[in-house]
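Novice: Data file work03.tsv (TSV, C-alpha atoms) is appended below.
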chain	number	residue	atom	x	y	z
A	1	MET	CA	-125.10	48.68	130.03
A	2	ARG	CA	-127.61	51.37	130.88
A	3	LEU	CA	-127.68	53.54	134.00
A	4	SER	CA	-130.41	55.82	135.28
A	5	ILE	CA	-129.78	58.38	138.04
A	6	ILE	CA	-132.52	59.75	140.29
A	7	VAL	CA	-131.83	62.81	142.44
A	8	ILE	CA	-134.44	63.16	145.19
A	9	GLY	CA	-135.14	66.33	147.15
A	10	ASP	CA	-137.48	69.32	147.19
A	11	GLU	CA	-134.46	71.50	147.97
A	12	ILE	CA	-133.02	70.63	144.55
A	13	LEU	CA	-136.21	71.53	142.70
A	14	ILE	CA	-136.55	74.96	144.32
A	15	GLY	CA	-132.90	75.85	143.70
A	16	GLN	CA	-131.96	75.98	147.36
A	17	VAL	CA	-129.31	73.31	146.80
A	18	THR	CA	-127.42	72.61	143.57
A	19	ASP	CA	-127.25	68.99	142.47
A	20	THR	CA	-123.68	67.74	142.21
A	21	ASN	CA	-124.43	64.09	142.91
A	22	SER	CA	-125.64	63.14	139.43
A	23	GLY	CA	-122.39	64.44	137.92
A	24	ALA	CA	-120.32	62.52	140.45
A	25	VAL	CA	-122.22	59.31	139.69
A	26	ALA	CA	-121.88	59.77	135.93
A	27	ARG	CA	-118.15	60.49	136.21
A	28	MET	CA	-117.65	57.37	138.30
A	29	PHE	CA	-119.59	54.96	136.13
A	30	GLY	CA	-118.95	56.36	132.64
A	31	PRO	CA	-115.37	55.04	132.48
A	32	MET	CA	-116.70	51.65	133.62
A	33	GLY	CA	-118.74	51.36	130.44
A	34	TRP	CA	-122.11	52.49	131.76
A	35	THR	CA	-124.20	54.73	129.50
A	36	VAL	CA	-126.38	57.20	131.40
A	37	ARG	CA	-129.89	56.65	130.06
A	38	ASN	CA	-131.62	59.39	132.06
A	39	ILE	CA	-131.09	61.72	134.99
A	40	TYR	CA	-134.28	62.47	136.93
A	41	THR	CA	-134.62	65.25	139.49
A	42	ILE	CA	-137.74	64.80	141.61
A	43	GLY	CA	-139.27	66.00	144.86
A	44	ASP	CA	-139.81	64.12	148.11
A	45	GLY	CA	-143.37	63.04	147.25
A	46	TYR	CA	-144.35	59.39	147.49
A	47	ASP	CA	-145.94	59.16	144.03
A	48	GLU	CA	-142.99	60.89	142.36
A	49	ILE	CA	-140.46	58.52	143.89
A	50	PHE	CA	-142.59	55.42	143.30
A	51	GLU	CA	-143.30	56.16	139.65
A	52	THR	CA	-139.81	57.35	138.76
A	53	VAL	CA	-138.06	54.38	140.36
A	54	ASN	CA	-140.27	51.89	138.49
A	55	ARG	CA	-139.77	53.77	135.21
A	56	ALA	CA	-135.99	53.80	135.70
A	57	MET	CA	-135.93	50.11	136.59
A	58	ASP	CA	-137.76	49.35	133.34
A	59	GLU	CA	-135.34	51.30	131.16
A	60	SER	CA	-131.96	50.59	132.78
A	61	ASP	CA	-129.86	47.76	134.18
A	62	LEU	CA	-128.64	49.89	137.08
A	63	VAL	CA	-130.42	52.68	138.93
A	64	ILE	CA	-128.72	54.93	141.48
A	65	THR	CA	-130.77	57.25	143.66
A	66	THR	CA	-129.45	59.97	145.95
A	67	GLY	CA	-131.34	61.75	148.70
A	68	GLY	CA	-134.38	61.21	150.86
A	69	LEU	CA	-132.62	59.07	153.46
A	70	GLY	CA	-132.35	61.60	156.29
A	71	PRO	CA	-133.95	61.39	159.75
A	72	THR	CA	-136.75	63.92	159.18
A	73	LYS	CA	-140.37	63.26	158.19
A	74	ASP	CA	-139.91	64.50	154.61
A	75	ASP	CA	-137.29	61.79	153.96
A	76	ILE	CA	-139.55	58.94	152.86
A	77	THR	CA	-137.35	57.09	150.37
A	78	LYS	CA	-136.88	54.00	152.56
A	79	GLY	CA	-140.61	53.55	152.93
A	80	VAL	CA	-141.19	53.88	149.19
A	81	MET	CA	-138.42	51.39	148.43
A	82	THR	CA	-140.04	48.93	150.82
A	83	ASP	CA	-143.31	49.20	148.90
A	84	ILE	CA	-141.52	48.75	145.57
A	85	PHE	CA	-139.20	45.88	146.45
A	86	GLY	CA	-141.20	44.24	149.22
A	87	GLY	CA	-140.42	43.28	152.79
A	88	GLU	CA	-140.74	45.51	155.81
A	89	LEU	CA	-138.69	48.03	157.74
A	90	ILE	CA	-136.54	46.24	160.29
A	91	HIS	CA	-133.88	47.30	162.76
A	92	ASP	CA	-130.29	46.65	161.64
A	93	PRO	CA	-127.87	46.48	164.61
A	94	ALA	CA	-124.87	47.00	162.31
A	95	VAL	CA	-126.32	50.32	161.12
A	96	THR	CA	-126.89	51.37	164.72
A	97	GLU	CA	-123.28	50.58	165.52
A	98	ASN	CA	-122.11	52.60	162.52
A	99	ILE	CA	-124.27	55.57	163.54
A	100	HIS	CA	-122.86	55.55	167.09
A	101	GLU	CA	-119.33	55.38	165.69
A	102	VAL	CA	-119.93	58.33	163.33
A	103	PHE	CA	-121.48	60.44	166.10
A	104	SER	CA	-118.70	59.55	168.51
A	105	LYS	CA	-116.02	60.68	166.05
A	106	ARG	CA	-117.84	63.99	165.55
A	107	GLY	CA	-118.42	64.55	169.25
A	108	LEU	CA	-122.20	64.68	168.78
A	109	LYS	CA	-124.99	63.49	171.04
A	110	MET	CA	-127.27	60.74	169.72
A	111	ASN	CA	-131.00	61.42	169.39
A	112	PRO	CA	-134.04	59.22	168.60
A	113	LEU	CA	-134.45	60.55	165.04
A	114	THR	CA	-130.90	59.57	164.15
A	115	GLU	CA	-131.34	56.18	165.84
A	116	ALA	CA	-134.33	55.60	163.55
A	117	GLN	CA	-132.01	55.58	160.54
A	118	ALA	CA	-131.09	52.04	161.57
A	119	MET	CA	-134.52	50.95	160.30
A	120	VAL	CA	-134.00	49.53	156.79
A	121	PRO	CA	-136.08	47.51	154.31
A	122	SER	CA	-135.69	43.76	154.82
A	123	SER	CA	-135.50	43.44	151.01
A	124	CYS	CA	-132.22	45.34	150.76
A	125	ARG	CA	-128.56	44.60	151.26
A	126	VAL	CA	-127.03	47.24	153.51
A	127	VAL	CA	-123.71	48.86	152.65
A	128	GLN	CA	-122.44	50.76	155.69
A	129	ASN	CA	-121.96	54.45	155.11
A	130	ARG	CA	-118.52	55.29	156.50
A	131	PHE	CA	-119.10	59.01	155.92
A	132	GLY	CA	-122.49	59.50	157.55
A	133	THR	CA	-125.45	57.92	159.29
A	134	ALA	CA	-127.80	57.06	156.40
A	135	PRO	CA	-126.98	53.56	155.09
A	136	VAL	CA	-126.51	52.78	151.43
A	137	MET	CA	-129.18	50.26	150.34
A	138	TRP	CA	-128.82	47.72	147.52
A	139	PHE	CA	-131.97	46.26	145.92
A	140	GLU	CA	-132.34	43.72	143.11
A	141	ARG	CA	-135.31	42.88	140.89
A	142	GLY	CA	-135.42	40.89	137.68
A	143	GLY	CA	-131.66	40.85	137.28
A	144	LYS	CA	-131.47	44.63	137.71
A	145	VAL	CA	-130.00	46.62	140.59
A	146	LEU	CA	-131.01	49.80	142.39
A	147	VAL	CA	-128.61	51.46	144.81
A	148	SER	CA	-130.09	54.07	147.15
A	149	MET	CA	-127.46	56.51	148.40
A	150	PRO	CA	-127.53	59.50	150.78
A	151	GLY	CA	-128.00	62.97	149.34
A	152	VAL	CA	-125.19	64.76	151.19
A	153	PRO	CA	-122.53	65.20	148.44
A	154	PHE	CA	-119.64	64.47	150.82
A	155	GLU	CA	-121.21	61.14	151.73
A	156	THR	CA	-122.25	60.27	148.18
A	157	GLU	CA	-118.81	60.94	146.72
A	158	GLY	CA	-117.14	59.16	149.62
A	159	MET	CA	-119.17	55.99	149.12
A	160	LEU	CA	-119.18	55.93	145.32
A	161	PRO	CA	-115.90	53.97	144.97
A	162	GLU	CA	-117.29	51.21	147.21
A	163	VAL	CA	-120.57	51.15	145.31
A	164	ALA	CA	-118.69	51.05	142.00
A	165	ARG	CA	-116.64	48.10	143.21
A	166	LEU	CA	-119.78	46.17	144.14
A	167	VAL	CA	-121.44	47.01	140.83
A	168	LYS	CA	-118.39	45.82	138.93
A	169	GLU	CA	-118.52	42.50	140.79
A	170	ARG	CA	-122.22	42.14	140.06
A	171	PHE	CA	-122.11	43.06	136.36
A	172	HIS	CA	-119.03	41.33	135.04
A	173	ALA	CA	-118.51	41.68	131.29
A	174	ASP	CA	-115.77	40.42	128.99
A	175	GLU	CA	-115.30	43.87	127.53
A	176	THR	CA	-112.19	46.05	127.48
A	177	LEU	CA	-112.75	49.74	128.28
A	178	LEU	CA	-109.93	52.21	127.67
A	179	HIS	CA	-109.68	55.95	128.32
A	180	HIS	CA	-106.92	58.51	127.82
A	181	SER	CA	-107.22	62.25	128.46
A	182	LEU	CA	-105.12	65.12	127.16
A	183	MET	CA	-105.36	68.77	128.24
A	184	VAL	CA	-105.39	71.40	125.49
A	185	ALA	CA	-105.19	75.21	125.68
A	186	GLY	CA	-104.86	78.16	123.33
A	187	ILE	CA	-107.62	77.18	120.91
A	188	THR	CA	-111.41	77.25	120.83
A	189	GLU	CA	-113.44	74.06	120.84
A	190	SER	CA	-114.74	74.62	117.32
A	191	ALA	CA	-111.27	75.36	115.96
A	192	LEU	CA	-109.90	72.28	117.68
A	193	ALA	CA	-112.67	70.13	116.22
A	194	GLN	CA	-111.80	71.44	112.76
A	195	HIS	CA	-108.11	70.79	113.38
A	196	LEU	CA	-108.85	67.19	114.38
A	197	ALA	CA	-111.59	66.43	111.83
A	198	ASP	CA	-109.48	64.08	109.71
A	199	PHE	CA	-108.13	62.36	112.83
A	200	GLU	CA	-111.68	61.66	114.02
A	201	ASP	CA	-112.67	60.41	110.58
A	202	SER	CA	-109.80	57.92	110.70
A	203	LEU	CA	-110.83	56.38	114.01
A	204	GLY	CA	-111.93	52.80	113.62
A	205	GLN	CA	-114.75	50.91	115.26
A	206	GLY	CA	-114.78	51.11	119.06
A	207	LEU	CA	-112.81	54.38	119.23
A	208	HIS	CA	-114.38	57.74	120.06
A	209	LEU	CA	-113.04	61.23	120.79
A	210	ALA	CA	-114.90	63.47	123.26
A	211	TYR	CA	-114.46	67.24	123.73
A	212	LEU	CA	-114.93	68.42	127.31
A	213	PRO	CA	-114.34	72.19	127.45
A	214	THR	CA	-114.03	74.40	130.51
A	215	PRO	CA	-113.17	78.13	130.45
A	216	GLY	CA	-109.64	78.39	129.05
A	217	LEU	CA	-109.07	74.64	128.82
A	218	ILE	CA	-110.29	71.69	126.77
A	219	ARG	CA	-110.03	68.11	127.97
A	220	LEU	CA	-109.84	65.66	125.08
A	221	ARG	CA	-110.79	62.13	126.05
A	222	LEU	CA	-110.17	59.23	123.73
A	223	ASP	CA	-112.35	56.23	124.56
A	224	GLY	CA	-111.88	52.69	123.38
A	225	ARG	CA	-114.31	49.81	123.76
A	226	GLY	CA	-114.06	46.26	122.45
A	227	MET	CA	-114.42	42.66	123.44
A	228	ASP	CA	-111.41	40.91	124.93
A	229	GLY	CA	-109.13	39.63	122.20
A	230	SER	CA	-110.35	42.13	119.58
A	231	GLY	CA	-107.03	43.98	119.48
A	232	ILE	CA	-108.59	47.16	120.82
A	233	GLU	CA	-105.57	47.88	123.06
A	234	LEU	CA	-103.14	48.06	120.12
A	235	ARG	CA	-105.44	50.26	118.03
A	236	PHE	CA	-106.13	52.48	121.03
A	237	ASP	CA	-102.44	53.06	121.82
A	238	GLU	CA	-101.74	53.86	118.18
A	239	ALA	CA	-104.59	56.39	118.14
A	240	VAL	CA	-103.33	58.07	121.33
A	241	ASN	CA	-99.88	58.54	119.82
A	242	ARG	CA	-101.33	59.95	116.59
A	243	LEU	CA	-103.50	62.36	118.58
A	244	LYS	CA	-100.55	63.64	120.60
A	245	SER	CA	-98.56	64.19	117.41
A	246	ARG	CA	-101.42	66.04	115.77
A	247	LEU	CA	-101.96	68.33	118.79
A	248	GLY	CA	-98.32	69.37	119.06
A	249	ASP	CA	-97.86	72.42	121.28
A	250	LEU	CA	-101.60	72.73	121.82
A	251	MET	CA	-101.31	69.87	124.32
A	252	ILE	CA	-100.22	71.23	127.69
A	253	TYR	CA	-100.57	68.03	129.72
A	254	ASP	CA	-100.73	64.31	129.11
A	255	GLY	CA	-103.49	63.24	131.47
A	256	ASP	CA	-106.54	64.70	133.18
A	257	ALA	CA	-105.81	67.63	135.50
A	258	ALA	CA	-106.92	71.16	136.29
A	259	ALA	CA	-104.76	74.17	135.37
A	260	ALA	CA	-103.52	74.62	138.95
A	261	GLU	CA	-102.40	71.02	139.23
A	262	ILE	CA	-100.65	71.12	135.86
A	263	LEU	CA	-98.80	74.30	136.84
A	264	LEU	CA	-97.74	72.96	140.24
A	265	ARG	CA	-96.35	69.80	138.70
A	266	LYS	CA	-94.39	71.83	136.16
A	267	LEU	CA	-93.05	74.14	138.89
A	268	ALA	CA	-91.98	71.16	140.97
A	269	ASP	CA	-90.23	69.58	137.98
A	270	ARG	CA	-88.34	72.83	137.37
A	271	LYS	CA	-87.73	73.31	141.12
A	272	LEU	CA	-89.35	76.74	140.91
A	273	THR	CA	-91.31	78.58	143.58
A	274	VAL	CA	-94.29	80.85	142.99
A	275	ALA	CA	-96.22	83.66	144.66
A	276	THR	CA	-99.35	85.62	143.77
A	277	ALA	CA	-100.37	89.27	143.82
A	278	GLU	CA	-104.11	89.56	143.32
A	279	SER	CA	-106.51	92.42	143.12
A	280	CYS	CA	-109.67	91.59	141.15
A	281	THR	CA	-109.31	87.82	141.66
A	282	GLY	CA	-109.32	88.34	145.42
A	283	GLY	CA	-107.10	85.40	146.34
A	284	ASN	CA	-108.80	82.92	144.01
A	285	ILE	CA	-105.52	82.01	142.29
A	286	ALA	CA	-103.95	81.21	145.65
A	287	HIS	CA	-107.07	79.23	146.57
A	288	ARG	CA	-106.85	77.15	143.41
A	289	LEU	CA	-103.19	76.39	144.07
A	290	THR	CA	-103.55	75.55	147.75
A	291	SER	CA	-106.51	73.27	147.01
A	292	ILE	CA	-104.02	70.88	145.42
A	293	PRO	CA	-102.28	68.49	147.85
A	294	GLY	CA	-98.54	69.10	147.96
A	295	SER	CA	-98.81	72.70	146.78
A	296	SER	CA	-96.50	73.83	149.61
A	297	GLU	CA	-93.58	72.40	147.65
A	298	SER	CA	-93.84	75.31	145.20
A	299	PHE	CA	-96.33	77.90	146.47
A	300	LEU	CA	-94.81	80.33	148.97
A	301	GLY	CA	-97.65	82.79	149.54
A	302	GLY	CA	-99.74	85.57	148.13
A	303	VAL	CA	-100.88	89.15	148.63
A	304	VAL	CA	-104.49	90.22	148.07
A	305	SER	CA	-103.79	93.86	147.25
A	306	TYR	CA	-107.34	95.05	146.75
A	307	ALA	CA	-106.64	98.59	147.92
A	308	ASN	CA	-104.16	100.84	146.15
A	309	GLU	CA	-102.48	101.48	149.50
A	310	VAL	CA	-101.65	97.76	149.74
A	311	LYS	CA	-100.37	97.70	146.18
A	312	SER	CA	-97.97	100.50	147.11
A	313	GLY	CA	-97.19	99.70	150.74
A	314	VAL	CA	-96.76	95.92	150.46
A	315	LEU	CA	-95.90	95.28	146.82
A	316	GLY	CA	-93.95	98.48	146.15
A	317	VAL	CA	-96.08	99.78	143.27
A	318	ASN	CA	-95.22	103.43	142.52
A	319	PRO	CA	-98.22	105.59	143.61
A	320	ALA	CA	-97.46	107.95	140.72
A	321	ASP	CA	-98.05	105.14	138.25
A	322	ILE	CA	-101.38	104.31	139.88
A	323	GLU	CA	-102.35	107.96	139.61
A	324	ALA	CA	-101.21	108.28	136.00
A	325	HIS	CA	-102.37	104.95	134.55
A	326	GLY	CA	-104.94	103.63	137.01
A	327	ALA	CA	-104.80	100.46	139.08
A	328	VAL	CA	-105.93	98.42	136.07
A	329	SER	CA	-102.93	98.93	133.85
A	330	ARG	CA	-99.79	97.31	132.49
A	331	GLU	CA	-97.53	99.51	134.59
A	332	VAL	CA	-99.23	98.63	137.86
A	333	VAL	CA	-99.70	94.91	137.31
A	334	GLU	CA	-96.09	94.42	136.23
A	335	GLN	CA	-94.89	96.08	139.43
A	336	MET	CA	-97.28	93.87	141.42
A	337	ALA	CA	-95.70	90.76	139.91
A	338	VAL	CA	-92.18	91.96	140.72
A	339	GLY	CA	-93.28	92.97	144.21
A	340	ALA	CA	-94.74	89.52	144.92
A	341	CYS	CA	-91.37	87.91	144.15
A	342	ARG	CA	-89.56	90.47	146.26
A	343	ALA	CA	-91.92	90.08	149.23
A	344	THR	CA	-91.86	86.27	149.29
A	345	GLY	CA	-88.56	85.30	147.70
A	346	ALA	CA	-90.35	83.32	145.00
A	347	ARG	CA	-88.74	82.94	141.59
A	348	CYS	CA	-92.09	83.17	139.78
A	349	SER	CA	-95.26	85.16	140.29
A	350	MET	CA	-98.67	85.97	138.86
A	351	ALA	CA	-100.47	89.31	139.28
A	352	THR	CA	-103.98	90.43	138.39
A	353	SER	CA	-105.75	93.79	138.43
A	354	GLY	CA	-109.07	94.31	136.75
A	355	ILE	CA	-112.75	95.20	136.85
A	356	ALA	CA	-114.88	92.17	137.70
A	357	GLY	CA	-118.13	94.16	137.84
A	358	PRO	CA	-120.96	94.62	137.83
A	359	GLY	CA	-119.95	98.29	138.32
A	360	GLY	CA	-116.71	100.19	138.03
A	361	GLY	CA	-116.21	100.00	134.29
A	362	SER	CA	-115.61	102.84	131.83
A	363	ASP	CA	-115.46	103.33	128.08
A	364	ASP	CA	-111.70	102.74	128.12
A	365	LYS	CA	-111.82	99.92	130.66
A	366	PRO	CA	-115.20	98.18	130.56
A	367	VAL	CA	-116.29	95.52	133.02
A	368	GLY	CA	-114.32	92.34	132.32
A	369	THR	CA	-111.04	94.16	131.63
A	370	VAL	CA	-108.20	92.40	133.45
A	371	TRP	CA	-104.49	93.13	133.23
A	372	MET	CA	-102.18	90.26	134.14
A	373	ALA	CA	-98.45	90.00	134.58
A	374	TRP	CA	-96.10	87.09	135.14
A	375	ALA	CA	-92.55	87.19	136.42
A	376	VAL	CA	-89.99	84.39	136.09
A	377	ASP	CA	-86.49	84.99	137.43
A	378	GLY	CA	-86.79	88.73	136.79
A	379	HIS	CA	-88.30	88.47	133.31
A	380	VAL	CA	-91.77	90.03	133.20
A	381	GLU	CA	-94.53	89.62	130.64
A	382	SER	CA	-98.01	91.17	130.70
A	383	ARG	CA	-101.25	91.09	128.77
A	384	VAL	CA	-104.74	92.55	128.91
A	385	PHE	CA	-107.87	90.39	128.69
A	386	HIS	CA	-111.54	91.22	128.20
A	387	PHE	CA	-113.74	88.55	129.75
A	388	PRO	CA	-117.50	88.33	129.24
A	389	GLY	CA	-120.03	87.35	131.87
A	390	ASN	CA	-120.87	88.21	135.44
A	391	ARG	CA	-118.50	88.87	138.32
A	392	SER	CA	-117.92	85.25	139.27
A	393	ARG	CA	-117.27	84.24	135.67
A	394	VAL	CA	-114.75	87.04	135.17
A	395	ILE	CA	-112.91	86.03	138.34
A	396	ASP	CA	-112.97	82.35	137.40
A	397	ARG	CA	-111.75	82.94	133.86
A	398	ALA	CA	-109.06	85.38	134.98
A	399	THR	CA	-107.81	82.83	137.49
A	400	THR	CA	-107.48	80.13	134.85
A	401	GLU	CA	-105.73	82.45	132.37
A	402	ALA	CA	-103.28	83.56	135.05
A	403	LEU	CA	-102.33	79.95	135.73
A	404	LEU	CA	-102.03	79.12	132.05
A	405	GLY	CA	-99.99	82.25	131.39
A	406	LEU	CA	-97.32	81.25	133.87
A	407	LEU	CA	-97.39	77.70	132.60
A	408	ALA	CA	-96.64	78.98	129.09
A	409	MET	CA	-93.66	80.99	130.37
A	410	ILE	CA	-92.01	78.04	132.09
A	411	LYS	CA	-92.94	75.47	129.48
Represent the structure contained in this file as C-alpha cells.

Specialist:
Amino acid sequence: MRLSIIVIGDEILIGQVTDTNSGAVARMFGPMGWTVRNIYTIGDGYDEIFETVNRAMDESDLVITTGGLGPTKDDITKGVMTDIFGGELIHDPAVTENIHEVFSKRGLKMNPLTEAQAMVPSSCRVVQNRFGTAPVMWFERGGKVLVSMPGVPFETEGMLPEVARLVKERFHADETLLHHSLMVAGITESALAQHLADFEDSLGQGLHLAYLPTPGLIRLRLDGRGMDGSGIELRFDEAVNRLKSRLGDLMIYDGDAAAAEILLRKLADRKLTVATAESCTGGNIAHRLTSIPGSSESFLGGVVSYANEVKSGVLGVNPADIEAHGAVSREVVEQMAVGACRATGARCSMATSGIAGPGGGSDDKPVGTVWMAWAVDGHVESRVFHFPGNRSRVIDRATTEALLGLLAMIK
C-alpha cells in the first residue's frame, strides 16, 4: 500500500519553520505496512496544491496533507480541496462546537476568523480536531483516500493515532506486519553492517533488517511481512533471537528507546539515584532525563557549573587544580562528578566540561574536546572525547555519550 505525504506552507519553503509533520506521519504509518511513495513540500499557492494533490492521488492509495487549514487568507487548502473533490463549503455545527470548546479551555476569546474554520467542503467527512480548531477532513475518490490535517505539529501528532485507526478500518488487509527494535552502542554503522552481513544474508522472504543511526546509538529494526497463515510469526521470532545472540554485548536495550530512557529504566531496576554536574552541556543532560515521564524516581537534581567559581563553590572542585590543569581536564571533571553526589546525595553522577565552540579552543584542547566523568557509589571513571561539528552537535553528542557512559558502568 502506497502513501504520499504533502506538507503545505510557505513558511516551510523559506526555512522559517522546520517540517516535522512528514516524519511523524511516516513513523505512524510505516509500521502499519504503508510504503511512503513521495513526500512533497509545497507553498500555499492554489496551482501548487491542486496539481500536487492530483499527482499524489494518482500514484498512491492514501494521501495525507498537513497545513493550509488556518483562519488567515493564505490558508486556502479547504477551497482547493473543494474544487478537487467537488461540493461546496458549508457550515458544520459540530466543528463550531469543537472550536468553542477548545477556546473555552484555553481561556481565549472567539473571533470571526476562527468561527470561519467551521466552513468545510460538503464532499468531506469531518474528524473533529481535539487539539485545535482546524478540522481534519477525509476525502475519497476512486477507492483512494486523502486526509487533510492541520499543520501545527502538536495538533498533527495528537490526531495521528485517530487518523491511523480510521485508515486501518478503511484499508483492511489479510497481511501480518511484525516489527522488533534493538538498541546498539559502541560500534559504527558500517562496522555493525559488516558484523551482521551473514545474518542479513540468511534472512528469508518477508524479513528485512533496517539500520537507523543517531549520534552514539543505532536502532536496529527487524521487519516481517507475510500473508496470514504463511508462518511469518515463527520465522520472525527465530530471527529476532538469532539477532540478539549475534549482537551480544553490543545490544544495550531490547526495544526502541532513547539513551535517557534506557538509563532511567536501568537506574530504577538497580534502585540507584543520579545527579548531574554540567559545564559545556549546559543542563542538556538533565533536560534529557527530566523529559522522560517518571524520571523523578531516579533523578535527584543537577548543577550547571558553567563558571569556575561554581565548580569550586558548589561542587567542591579544588581551585588549584583548575589553575594547574584548566577547567577542561580529568582532574576537574572527576571532582565535579564526586561533588554532584555529595551535593545531592545521589549514588551516581555524570559530569561534563569541554569546549563546545565555535571559539575557545587551543592546540592542546581544540573545539569539540569534552572531558567526562562518572561516579557510582564512590568509584569514578573518566574519559576525553573529541566531537566534530558545530556547537549544538557537540553538546548533543556529549549528552548522549554521558548517558551511555553511565549506563555502561551500571550494566

Novice: As an MDAnalysis selection string, please: the residues near Asp19 of chain A (cut-off 12 Å, only C-alpha atoms, same-chain neighbours under 6 positions excluded).

Specialist: chainID A and resid 5:13 25 39:42 66:67 151:153 156

Novice: Would you work out the distance separating atom CA of Leu209 of chain A from atom CA of Arg27 of chain A, expressed in Å to one decimal?

Specialist: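 Here the two named atoms are 16.3 Å from each other.
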
Novice: Between A:Arg347, A:Lys109, A:Arg342, A:Arg288, single out the one closest to Ala260 of chain A, counting only C-alpha atoms.

Specialist: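 Going through A:Arg347, A:Lys109, A:Arg342, A:Arg288 one by one, the smallest distance to Ala260 of chain A is for A:Arg288.
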
Novice: So which residues touch segment 95-104 of chain A within 8 Å, counting only C-alpha atoms, skipping near sequence neighbours fewer than 2 positions away, as a ChimeraX atom specification?

Specialist: /A:92-93,106-110,114-115,117-118,128-133,135

Novice: Please list as an MDAnalysis selection string every residue within 10 Å of Ala320 of chain A, counting only C-alpha atoms and excluding residues in the same chain fewer than 6 positions away.

Specialist: chainID A and resid 312 326 332
